[in-house]
$ cat start.csv   # CSV, C-alpha atoms
chain,number,residue,atom,x,y,z
A,1,MET,CA,99.1,93.9,74.7
A,2,PRO,CA,102.4,92.0,74.2
A,3,THR,CA,102.1,88.4,73.0
A,4,LEU,CA,103.5,87.2,76.3
A,5,THR,CA,102.0,88.7,79.4
A,6,ARG,CA,104.4,88.3,82.4
A,7,ILE,CA,103.1,88.4,86.0
A,8,LEU,CA,105.5,88.8,88.9
A,9,ILE,CA,104.4,87.1,92.2
A,10,THR,CA,106.6,88.7,94.8
A,11,ASP,CA,105.8,86.3,97.7
A,12,PHE,CA,103.2,84.0,99.1
A,13,VAL,CA,102.6,82.0,102.3
A,14,TRP,CA,100.6,79.1,101.0
A,15,PRO,CA,101.7,75.7,99.5
A,16,SER,CA,101.6,76.7,95.8
A,17,THR,CA,100.5,79.3,93.3
A,18,ALA,CA,98.5,76.8,91.2
A,19,PRO,CA,95.1,78.4,91.8
A,20,GLU,CA,96.2,81.9,90.7
A,21,ARG,CA,98.1,80.4,87.7
A,22,GLU,CA,94.9,78.7,86.6
A,23,ALA,CA,92.8,81.9,87.1
A,24,LEU,CA,95.4,83.9,85.1
A,25,ALA,CA,95.5,81.4,82.3
A,26,ALA,CA,91.7,81.2,82.2
A,27,GLY,CA,91.6,85.0,81.8
A,28,LEU,CA,94.7,85.7,79.7
A,29,GLY,CA,95.1,82.5,77.7
A,30,ASP,CA,98.3,80.5,77.1
A,31,GLY,CA,100.4,83.6,76.6
A,32,VAL,CA,100.8,84.3,80.3
A,33,GLU,CA,104.1,83.6,82.2
A,34,VAL,CA,104.2,83.7,86.0
A,35,VAL,CA,107.5,84.6,87.6
A,36,GLU,CA,107.9,83.8,91.3
A,37,ALA,CA,110.5,86.0,93.0
A,38,PRO,CA,113.2,83.9,94.8
A,39,ASP,CA,113.4,86.5,97.6
A,40,GLY,CA,111.7,89.7,98.6
A,41,SER,CA,114.7,92.1,98.5
A,42,GLU,CA,114.2,95.4,96.8
A,43,ALA,CA,117.0,94.7,94.3
A,44,THR,CA,115.5,91.3,93.3
A,45,LEU,CA,112.0,92.7,92.9
A,46,ALA,CA,113.1,95.7,91.0
A,47,ALA,CA,115.0,93.6,88.5
A,48,LEU,CA,112.2,91.2,88.0
A,49,ALA,CA,109.5,93.9,87.8
A,50,ALA,CA,111.3,95.6,84.9
A,51,ASP,CA,109.7,93.5,82.2
A,52,CYS,CA,106.4,92.5,83.9
A,53,ASP,CA,102.9,93.5,83.0
A,54,GLY,CA,101.5,92.9,86.4
A,55,ILE,CA,102.7,92.4,90.0
A,56,MET,CA,100.9,90.3,92.6
A,57,THR,CA,102.2,90.8,96.1
A,58,CYS,CA,101.4,89.5,99.6
A,59,PHE,CA,103.8,90.8,102.3
A,60,ALA,CA,106.8,91.9,100.3
A,61,GLN,CA,107.6,95.6,100.1
A,62,VAL,CA,106.8,97.0,96.7
A,63,THR,CA,108.8,100.1,97.3
A,64,PRO,CA,109.0,103.3,95.2
A,65,ALA,CA,112.1,101.9,93.6
A,66,VAL,CA,110.3,98.6,92.6
A,67,VAL,CA,107.3,100.5,91.2
A,68,ARG,CA,109.5,102.9,89.2
A,69,ALA,CA,111.5,100.0,87.8
A,70,ALA,CA,108.3,98.4,86.5
A,71,GLU,CA,108.2,100.4,83.3
A,72,ARG,CA,105.6,98.3,81.5
A,73,CYS,CA,103.6,97.3,84.6
A,74,ARG,CA,99.9,98.0,84.3
A,75,VAL,CA,98.5,96.6,87.5
A,76,ILE,CA,99.7,95.9,91.1
A,77,SER,CA,97.4,93.5,92.9
A,78,ARG,CA,97.6,93.0,96.7
A,79,TYR,CA,96.8,89.6,98.1
A,80,GLY,CA,94.8,90.9,101.1
A,81,VAL,CA,93.3,93.9,102.8
A,82,GLY,CA,96.0,96.4,103.8
A,83,VAL,CA,98.2,98.1,101.2
A,84,ASP,CA,100.8,99.7,103.5
A,85,ASN,CA,103.5,97.5,101.8
A,86,ILE,CA,102.9,99.1,98.4
A,87,ALA,CA,104.0,102.5,97.3
A,88,VAL,CA,100.5,103.4,96.2
A,89,ASP,CA,101.3,107.1,95.7
A,90,VAL,CA,104.1,106.3,93.3
A,91,ALA,CA,101.9,103.8,91.4
A,92,THR,CA,99.2,106.4,91.1
A,93,GLU,CA,101.7,109.0,89.8
A,94,LEU,CA,102.9,106.5,87.2
A,95,GLY,CA,99.4,105.5,86.1
A,96,ILE,CA,99.3,102.0,87.6
A,97,PRO,CA,96.0,100.8,89.1
A,98,VAL,CA,96.4,99.0,92.5
A,99,THR,CA,93.8,96.4,93.5
A,100,TYR,CA,93.1,94.6,96.8
A,101,VAL,CA,90.7,92.2,98.4
A,102,PRO,CA,89.3,93.9,101.5
A,103,ASP,CA,86.5,91.4,102.2
A,104,TYR,CA,88.0,87.9,101.9
A,105,CYS,CA,88.9,86.9,105.5
A,106,VAL,CA,86.3,88.7,107.6
A,107,ASP,CA,85.1,85.5,109.4
A,108,GLU,CA,88.6,84.2,109.9
A,109,VAL,CA,89.9,87.3,111.5
A,110,SER,CA,86.9,87.9,113.7
A,111,ASP,CA,87.0,84.3,114.8
A,112,HIS,CA,90.6,84.7,115.7
A,113,VAL,CA,89.9,87.8,117.8
A,114,MET,CA,87.3,85.8,119.7
A,115,ALA,CA,89.7,82.9,120.1
A,116,LEU,CA,92.3,85.1,121.7
A,117,LEU,CA,89.7,86.8,123.9
A,118,LEU,CA,88.3,83.4,125.1
A,119,THR,CA,91.7,81.9,125.6
A,120,TRP,CA,92.5,84.7,127.9
A,121,ASN,CA,89.2,85.0,129.6
A,122,ARG,CA,89.1,81.2,130.4
A,123,GLN,CA,92.8,81.1,131.0
A,124,VAL,CA,93.1,78.1,128.6
A,125,GLY,CA,96.8,78.2,128.2
A,126,PHE,CA,97.4,78.3,132.0
A,127,TYR,CA,94.9,75.5,132.7
A,128,ASP,CA,96.3,73.3,129.8
A,129,GLY,CA,99.7,73.4,131.6
A,130,VAL,CA,98.1,72.7,135.0
A,131,ALA,CA,96.1,69.7,133.8
A,132,LYS,CA,99.1,68.2,131.9
A,133,ALA,CA,101.2,68.5,135.1
A,134,GLY,CA,98.6,66.4,136.9
A,135,ARG,CA,97.3,69.2,139.1
A,136,TRP,CA,93.5,68.6,139.1
A,137,GLU,CA,92.8,70.1,142.5
A,138,GLY,CA,91.5,73.5,141.4
A,139,THR,CA,94.6,75.6,141.0
A,140,PRO,CA,93.7,79.3,140.7
A,141,SER,CA,94.8,81.1,137.6
A,142,PRO,CA,96.9,84.2,137.8
A,143,HIS,CA,94.1,86.1,136.1
A,144,PRO,CA,90.8,85.5,137.8
A,145,LEU,CA,88.1,83.9,135.7
A,146,THR,CA,85.3,86.3,135.0
A,147,ARG,CA,81.9,85.9,133.3
A,148,LEU,CA,81.9,87.4,129.8
A,149,ARG,CA,78.3,88.4,129.8
A,150,GLY,CA,78.0,92.0,130.8
A,151,GLN,CA,81.6,92.9,130.2
A,152,THR,CA,82.6,95.4,127.5
A,153,ILE,CA,84.6,95.0,124.3
A,154,GLY,CA,85.9,98.2,122.6
A,155,ILE,CA,86.4,97.9,118.9
A,156,VAL,CA,88.7,100.5,117.3
A,157,GLY,CA,87.8,100.7,113.6
A,158,PHE,CA,84.3,99.6,112.6
A,159,GLY,CA,84.7,98.3,109.1
A,160,ARG,CA,83.8,94.8,107.8
A,161,ILE,CA,85.9,92.9,110.4
A,162,GLY,CA,85.1,95.2,113.3
A,163,ARG,CA,81.4,94.7,112.6
A,164,SER,CA,81.8,90.9,112.4
A,165,VAL,CA,83.6,91.0,115.8
A,166,ALA,CA,80.7,93.0,117.2
A,167,ASP,CA,78.2,90.4,116.0
A,168,LYS,CA,80.2,87.6,117.6
A,169,ALA,CA,80.9,89.5,120.8
A,170,ARG,CA,77.2,90.3,121.2
A,171,ALA,CA,76.4,86.6,120.9
A,172,PHE,CA,78.5,86.0,124.0
A,173,GLY,CA,76.6,88.7,125.9
A,174,LEU,CA,79.3,91.4,125.7
A,175,ASP,CA,78.4,95.0,125.5
A,176,VAL,CA,80.1,96.6,122.5
A,177,MET,CA,81.6,100.1,122.2
A,178,VAL,CA,83.1,101.3,118.9
A,179,PHE,CA,85.3,104.1,117.8
A,180,ASP,CA,85.7,105.0,114.2
A,181,PRO,CA,86.4,108.6,113.1
A,182,TYR,CA,84.9,107.9,109.7
A,183,LEU,CA,81.6,106.6,111.2
A,184,SER,CA,78.9,109.3,110.4
A,185,ALA,CA,76.9,110.7,113.3
A,186,ASP,CA,73.7,109.2,111.9
A,187,ALA,CA,75.1,105.8,111.0
A,188,ALA,CA,72.8,102.9,111.9
A,189,LEU,CA,74.4,100.7,114.5
A,190,PRO,CA,73.3,97.2,115.5
A,191,ASP,CA,71.4,96.8,118.8
A,192,GLY,CA,73.9,96.6,121.7
A,193,VAL,CA,76.5,98.7,119.9
A,194,THR,CA,77.4,102.2,121.0
A,195,ALA,CA,79.7,104.6,119.2
A,196,THR,CA,81.9,106.7,121.4
A,197,SER,CA,85.3,108.5,121.5
A,198,LEU,CA,88.5,106.7,121.7
A,199,ASP,CA,89.2,108.0,125.2
A,200,ASP,CA,85.8,106.8,126.5
A,201,LEU,CA,86.3,103.4,124.8
A,202,LEU,CA,89.7,102.9,126.4
A,203,VAL,CA,88.4,103.8,129.9
A,204,ALA,CA,85.3,101.6,129.8
A,205,SER,CA,86.5,98.5,127.9
A,206,ASP,CA,87.5,95.1,129.5
A,207,TYR,CA,88.8,94.1,126.0
A,208,VAL,CA,90.1,96.4,123.3
A,209,THR,CA,90.6,95.1,119.7
A,210,VAL,CA,92.0,97.2,116.9
A,211,HIS,CA,90.8,96.9,113.3
A,212,THR,CA,92.0,100.0,111.5
A,213,PRO,CA,94.3,100.2,108.4
A,214,LEU,CA,97.9,101.2,109.0
A,215,ASN,CA,98.6,104.7,107.9
A,216,ASP,CA,100.0,107.9,109.2
A,217,GLU,CA,96.9,108.5,111.3
A,218,THR,CA,96.9,105.1,113.0
A,219,ARG,CA,100.6,104.3,113.4
A,220,GLY,CA,101.2,104.2,117.2
A,221,LEU,CA,97.5,105.0,117.8
A,222,ILE,CA,97.5,102.7,120.9
A,223,SER,CA,100.2,104.6,122.7
A,224,LYS,CA,101.6,105.0,126.2
A,225,ALA,CA,98.8,107.5,126.9
A,226,ALA,CA,96.2,105.0,125.7
A,227,PHE,CA,97.5,102.3,128.0
A,228,GLU,CA,97.4,104.7,130.9
A,229,ARG,CA,93.6,105.2,130.2
A,230,MET,CA,92.8,101.5,130.1
A,231,LYS,CA,91.7,99.4,133.1
A,232,THR,CA,94.4,97.5,134.9
A,233,SER,CA,92.3,94.3,134.2
A,234,ALA,CA,91.9,95.1,130.5
A,235,TYR,CA,93.2,92.9,127.6
A,236,ILE,CA,94.2,94.2,124.2
A,237,ILE,CA,94.0,92.3,121.0
A,238,ASN,CA,95.7,93.1,117.6
A,239,CYS,CA,94.9,91.1,114.5
A,240,ALA,CA,95.2,94.1,112.2
A,241,ARG,CA,98.7,95.6,111.7
A,242,GLY,CA,101.5,95.5,114.3
A,243,PRO,CA,102.6,99.2,114.3
A,244,ILE,CA,99.1,100.4,115.2
A,245,ILE,CA,100.2,99.6,118.7
A,246,ASP,CA,103.3,101.3,120.1
A,247,GLU,CA,105.2,98.1,121.0
A,248,PRO,CA,107.7,99.6,123.5
A,249,ALA,CA,104.7,101.2,125.3
A,250,LEU,CA,102.9,97.9,125.3
A,251,ILE,CA,105.9,96.2,126.9
A,252,ASP,CA,106.1,98.9,129.5
A,253,ALA,CA,102.4,98.8,130.2
A,254,LEU,CA,102.4,95.0,130.7
A,255,ARG,CA,105.5,95.1,133.0
A,256,ALA,CA,104.0,97.9,135.0
A,257,GLY,CA,100.6,96.2,135.4
A,258,GLN,CA,98.8,99.1,133.6
A,259,ILE,CA,96.9,96.4,131.6
A,260,ALA,CA,96.4,92.7,132.3
A,261,GLY,CA,97.5,91.1,129.1
A,262,ALA,CA,97.6,91.1,125.3
A,263,GLY,CA,96.7,88.8,122.4
A,264,LEU,CA,98.8,89.5,119.2
A,265,ASP,CA,98.6,88.1,115.8
A,266,VAL,CA,100.8,90.9,114.4
A,267,MET,CA,103.8,92.8,115.8
A,268,GLU,CA,106.0,95.7,114.7
A,269,SER,CA,108.4,93.3,113.0
A,270,SER,CA,107.1,90.7,110.5
A,271,ALA,CA,109.7,88.3,111.9
A,272,PRO,CA,110.5,89.2,115.5
A,273,PRO,CA,113.5,87.6,117.2
A,274,ALA,CA,113.0,84.6,119.4
A,275,ASP,CA,114.2,86.6,122.4
A,276,HIS,CA,111.6,89.3,122.0
A,277,PRO,CA,110.5,90.6,125.4
A,278,LEU,CA,106.8,89.9,124.7
A,279,PHE,CA,107.5,86.2,124.2
A,280,GLY,CA,108.7,85.8,127.7
A,281,MET,CA,105.5,87.2,129.3
A,282,ASP,CA,102.9,84.7,130.6
A,283,ASN,CA,100.1,87.3,130.1
A,284,VAL,CA,100.8,87.6,126.3
A,285,ILE,CA,99.4,85.2,123.7
A,286,VAL,CA,101.1,85.4,120.2
A,287,THR,CA,100.2,83.8,116.9
A,288,PRO,CA,102.3,84.2,113.8
A,289,HIS,CA,100.1,86.4,111.6
A,290,VAL,CA,97.6,83.6,110.8
A,291,ALA,CA,94.3,85.3,111.7
A,292,PHE,CA,93.4,85.5,108.0
A,293,LEU,CA,94.2,81.8,107.4
A,294,SER,CA,91.8,79.0,106.4
A,295,GLN,CA,91.7,76.7,103.4
A,296,GLN,CA,88.7,78.6,102.1
A,297,SER,CA,90.0,82.1,102.7
A,298,VAL,CA,93.4,81.4,101.0
A,299,LEU,CA,91.9,79.8,97.9
A,300,GLU,CA,89.5,82.7,97.6
A,301,LEU,CA,92.3,85.2,98.0
A,302,GLU,CA,94.5,83.5,95.4
A,303,VAL,CA,91.7,83.4,92.8
A,304,ARG,CA,90.3,86.8,93.4
A,305,THR,CA,93.7,88.5,93.3
A,306,ALA,CA,94.4,86.8,90.0
A,307,ARG,CA,91.0,87.8,88.6
A,308,ALA,CA,91.6,91.4,89.6
A,309,THR,CA,94.9,91.3,87.8
A,310,VAL,CA,93.2,89.9,84.7
A,311,ASP,CA,90.4,92.5,84.8
A,312,VAL,CA,92.8,95.4,84.8
A,313,LEU,CA,95.0,94.0,82.0
A,314,GLN,CA,91.8,93.5,79.9
A,315,GLY,CA,90.6,97.0,80.5
A,316,ARG,CA,87.8,96.2,83.0
A,317,MET,CA,87.3,98.0,86.3
A,318,PRO,CA,88.4,95.6,89.1
A,319,GLU,CA,86.1,94.8,92.0
A,320,PHE,CA,88.2,96.8,94.4
A,321,LEU,CA,90.4,99.7,93.2
A,322,VAL,CA,92.7,101.2,95.9
A,323,ASN,CA,93.6,104.4,93.9
A,324,PRO,CA,90.8,105.8,91.9
A,325,ALA,CA,92.8,109.0,91.3
A,326,VAL,CA,94.8,106.9,88.8
A,327,LEU,CA,91.9,106.7,86.4
A,328,PRO,CA,92.4,109.8,84.3
A,329,HIS,CA,96.0,108.8,83.4
A,330,SER,CA,96.0,105.1,83.9
A,331,ARG,CA,98.4,103.0,81.7
A,332,VAL,CA,95.3,101.0,80.7
A,333,ALA,CA,91.9,102.6,80.2
A,334,LEU,CA,89.4,100.9,82.6
A,335,ARG,CA,85.7,100.7,81.7

$ encode --input "start.csv" --output "structure tokens"
Amino acid sequence: MPTLTRILITDFVWPSTAPEREALAAGLGDGVEVVEAPDGSEATLAALAADCDGIMTCFAQVTPAVVRAAERCRVISRYGVGVDNIAVDVATELGIPVTYVPDYCVDEVSDHVMALLLTWNRQVGFYDGVAKAGRWEGTPSPHPLTRLRGQTIGIVGFGRIGRSVADKARAFGLDVMVFDPYLSADAALPDGVTATSLDDLLVASDYVTVHTPLNDETRGLISKAAFERMKTSAYIINCARGPIIDEPALIDALRAGQIAGAGLDVMESSAPPADHPLFGMDNVIVTPHVAFLSQQSVLELEVRTARATVDVLQGRMPEFLVNPAVLPHSRVALR
């Protein structure tokens, strides 16, 4: 190991990198240097990655060119759950382990799903405006208020977050249907949870929430055909990855009244323009990719990402390895 260990942080959305710096120093000693990229362009990241031993990344695109430029890199660590912003296949080819933290914000994201659902169900945004306008005479909302108990929520993807959503939805009296192609036929499900096909879930659900990773199988999974199967009173929620929903198809479905509304924490673009068509719709609630966010979750994420980086650099198997296929030819032997 070189005397100086250099770690590139491509980007972050919290106040400072002090927690991860402390964790890196605790694990690697005084000979660690942290480099914060001034921007997330491919050229900048490739130039900085060239002499780094590790890369820690949040939302920046760690493209094939960036990975190939990182000739002495021995670990790429993702701040978060999804790794669709990392060229994992190239990292595997070149012997670079990739780590992630798939279980750090389960409560936050499932809370956010329920917040969007309840905001819509109780028409909180509409009635906030009505009350502040001094209209206290019982103005009816554009979407009729309905009792949650006995309605159905469909959960697409039944991993950690999907299961947490199911637990919280059941506490409100919702019936829960789930679709997950990787769920075994004999998998034990909680009481009140039914596994079904995607088509049946879409047809039966009053609320649909997506919790799959973004990959070739799930990109555009919620498509024009999917919206056509849904109830005209149904509400769709996405706190996973934007491109899982076909955005033009969503806009068309909302305009045509094929579904009643949408709650989005993510969109196809990570920075959509202010004049985006969805922003002008009264039946759409949008938050700026903050479902993962809490003081506790961010601190946990910073520290655990840094510790995973330290583990690999010191030859230890990280808690969560994305690409086990790298092990036979990894740039660092992991035990």

$ closest_atom_pairs --input "start.csv" --of "stretch 171-231 of chain A" --to "stretch 141-160 of chain A" --cutoff "7 Å" --atoms "all atoms listed in the file" --output "CSV"
residue,atom,partner,partner_atom,distance
A:Phe172,CA,A:Arg149,CA,6.3
A:Gly173,CA,A:Arg149,CA,4.3
A:Leu174,CA,A:Arg149,CA,5.2
A:Asp175,CA,A:Thr152,CA,4.7
A:Val176,CA,A:Ile153,CA,5.1
A:Met177,CA,A:Gly154,CA,4.7
A:Val178,CA,A:Ile155,CA,4.7
A:Phe179,CA,A:Val156,CA,5.0
A:Asp180,CA,A:Gly157,CA,4.8
A:Leu201,CA,A:Gly154,CA,5.7
A:Ser205,CA,A:Thr152,CA,5.0
A:Asp206,CA,A:Thr152,CA,5.3
A:Tyr207,CA,A:Ile153,CA,4.6
A:Val208,CA,A:Gly154,CA,4.6
A:Thr209,CA,A:Ile155,CA,5.1
A:Val210,CA,A:Val156,CA,4.7
A:His211,CA,A:Gly157,CA,4.9
A:Thr212,CA,A:Gly157,CA,4.7

$ closest_atom_pairs --input "start.csv" --of "stretch 71-144 of chain A" --to "stretch 58-64 of chain A" --cutoff "12 Å" --atoms "only C-alpha atoms" --output "Markdown table"
| residue | atom | partner | partner_atom | distance |
| --- | --- | --- | --- | --- |
| A:Ile76 | CA | A:Val62 | CA | 9.1 |
| A:Ser77 | CA | A:Cys58 | CA | 8.8 |
| A:Arg78 | CA | A:Cys58 | CA | 5.9 |
| A:Tyr79 | CA | A:Cys58 | CA | 4.8 |
| A:Gly80 | CA | A:Cys58 | CA | 6.9 |
| A:Val81 | CA | A:Cys58 | CA | 9.8 |
| A:Gly82 | CA | A:Cys58 | CA | 9.7 |
| A:Val83 | CA | A:Phe59 | CA | 9.3 |
| A:Asp84 | CA | A:Gln61 | CA | 8.6 |
| A:Asn85 | CA | A:Gln61 | CA | 4.8 |
| A:Ile86 | CA | A:Val62 | CA | 4.7 |
| A:Ala87 | CA | A:Thr63 | CA | 5.4 |
| A:Val88 | CA | A:Pro64 | CA | 8.6 |
| A:Asp89 | CA | A:Pro64 | CA | 8.6 |
| A:Val90 | CA | A:Pro64 | CA | 6.1 |
| A:Ala91 | CA | A:Pro64 | CA | 8.1 |
| A:Thr92 | CA | A:Pro64 | CA | 11.1 |
| A:Glu93 | CA | A:Pro64 | CA | 10.7 |
| A:Leu94 | CA | A:Pro64 | CA | 10.6 |
| A:Val98 | CA | A:Val62 | CA | 11.4 |
| A:Thr99 | CA | A:Cys58 | CA | 11.9 |
| A:Tyr100 | CA | A:Cys58 | CA | 10.1 |
| A:Val101 | CA | A:Cys58 | CA | 11.1 |

$ closest_residue --input "start.csv" --among "A:Leu48, A:Ala188, A:Leu116, A:Cys239" --to "A:Leu293" --atoms "all atoms listed in the file"
A:Cys239

$ atom_distance --input "start.csv" --atom1 "atom CA of A:Leu321" --atom2 "atom CA of A:Thr305"
11.7 Å

$ closest_residue --input "start.csv" --among "A:Met267, A:Ala195, A:Ala25, A:Ala70" --to "A:Leu45" --atoms "all atoms listed in the file"
A:Ala70

$ closest_residue --input "start.csv" --among "A:Asp111, A:Asp167, A:Glu268, A:Asp200" --to "A:Leu214" --atoms "all atoms listed in the file"
A:Glu268

$ residues_around --input "start.csv" --residues "stretch 271-285 of chain A" --least-positions-apart "5" --cutoff "6 Å" --atoms "all atoms listed in the file" --output "MDAnalysis selection string"
chainID A and resid 261:263

$ write_last_selection --input "start.csv" --atoms "C-alpha atoms" --output "PDB file, in the coordinates of the input"
ATOM      1  CA  GLY A 261      97.500  91.100 129.100  1.00  0.00           C
ATOM      2  CA  ALA A 262      97.600  91.100 125.300  1.00  0.00           C
ATOM      3  CA  GLY A 263      96.700  88.800 122.400  1.00  0.00           C
TER       4      GLY A 263
END

$ closest_residue --input "start.csv" --among "A:Cys105, A:Ile244, A:Ile222, A:Ala18" --to "A:Val298" --atoms "only C-alpha atoms"
A:Cys105

$ closest_residue --input "start.csv" --among "A:Asp199, A:Asp265, A:Asp128, A:Asp246" --to "A:Val113" --atoms "only C-alpha atoms"
A:Asp265

$ closest_residue --input "start.csv" --among "A:Ile96, A:Ile259, A:Ala37, A:Val13" --to "A:Ala325" --atoms "all atoms listed in the file"
A:Ile96

$ atom_distance --input "start.csv" --atom1 "atom CA of A:Leu254" --atom2 "atom CA of A:Val106"
28.9 Å

$ atom_distance --input "start.csv" --atom1 "atom CA of A:Arg170" --atom2 "atom CA of A:Thr232"
23.1 Å

$ residues_near_point --input "start.csv" --point "(90.3, 84.5, 94.0)" --cutoff "10 Å" --atoms "all atoms listed in the file" --output "mmCIF file with C-alpha atoms, keeping the file's coordinate frame"
data_model
loop_
_atom_site.group_PDB
_atom_site.id
_atom_site.type_symbol
_atom_site.label_atom_id
_atom_site.label_comp_id
_atom_site.auth_asym_id
_atom_site.auth_seq_id
_atom_site.Cartn_x
_atom_site.Cartn_y
_atom_site.Cartn_z
ATOM 1 C CA PRO A 19 95.100 78.400 91.800
ATOM 2 C CA GLU A 20 96.200 81.900 90.700
ATOM 3 C CA ALA A 23 92.800 81.900 87.100
ATOM 4 C CA TYR A 79 96.800 89.600 98.100
ATOM 5 C CA VAL A 101 90.700 92.200 98.400
ATOM 6 C CA TYR A 104 88.000 87.900 101.900
ATOM 7 C CA SER A 297 90.000 82.100 102.700
ATOM 8 C CA VAL A 298 93.400 81.400 101.000
ATOM 9 C CA LEU A 299 91.900 79.800 97.900
ATOM 10 C CA GLU A 300 89.500 82.700 97.600
ATOM 11 C CA LEU A 301 92.300 85.200 98.000
ATOM 12 C CA GLU A 302 94.500 83.500 95.400
ATOM 13 C CA VAL A 303 91.700 83.400 92.800
ATOM 14 C CA ARG A 304 90.300 86.800 93.400
ATOM 15 C CA THR A 305 93.700 88.500 93.300
ATOM 16 C CA ALA A 306 94.400 86.800 90.000
ATOM 17 C CA ARG A 307 91.000 87.800 88.600
ATOM 18 C CA ALA A 308 91.600 91.400 89.600
#
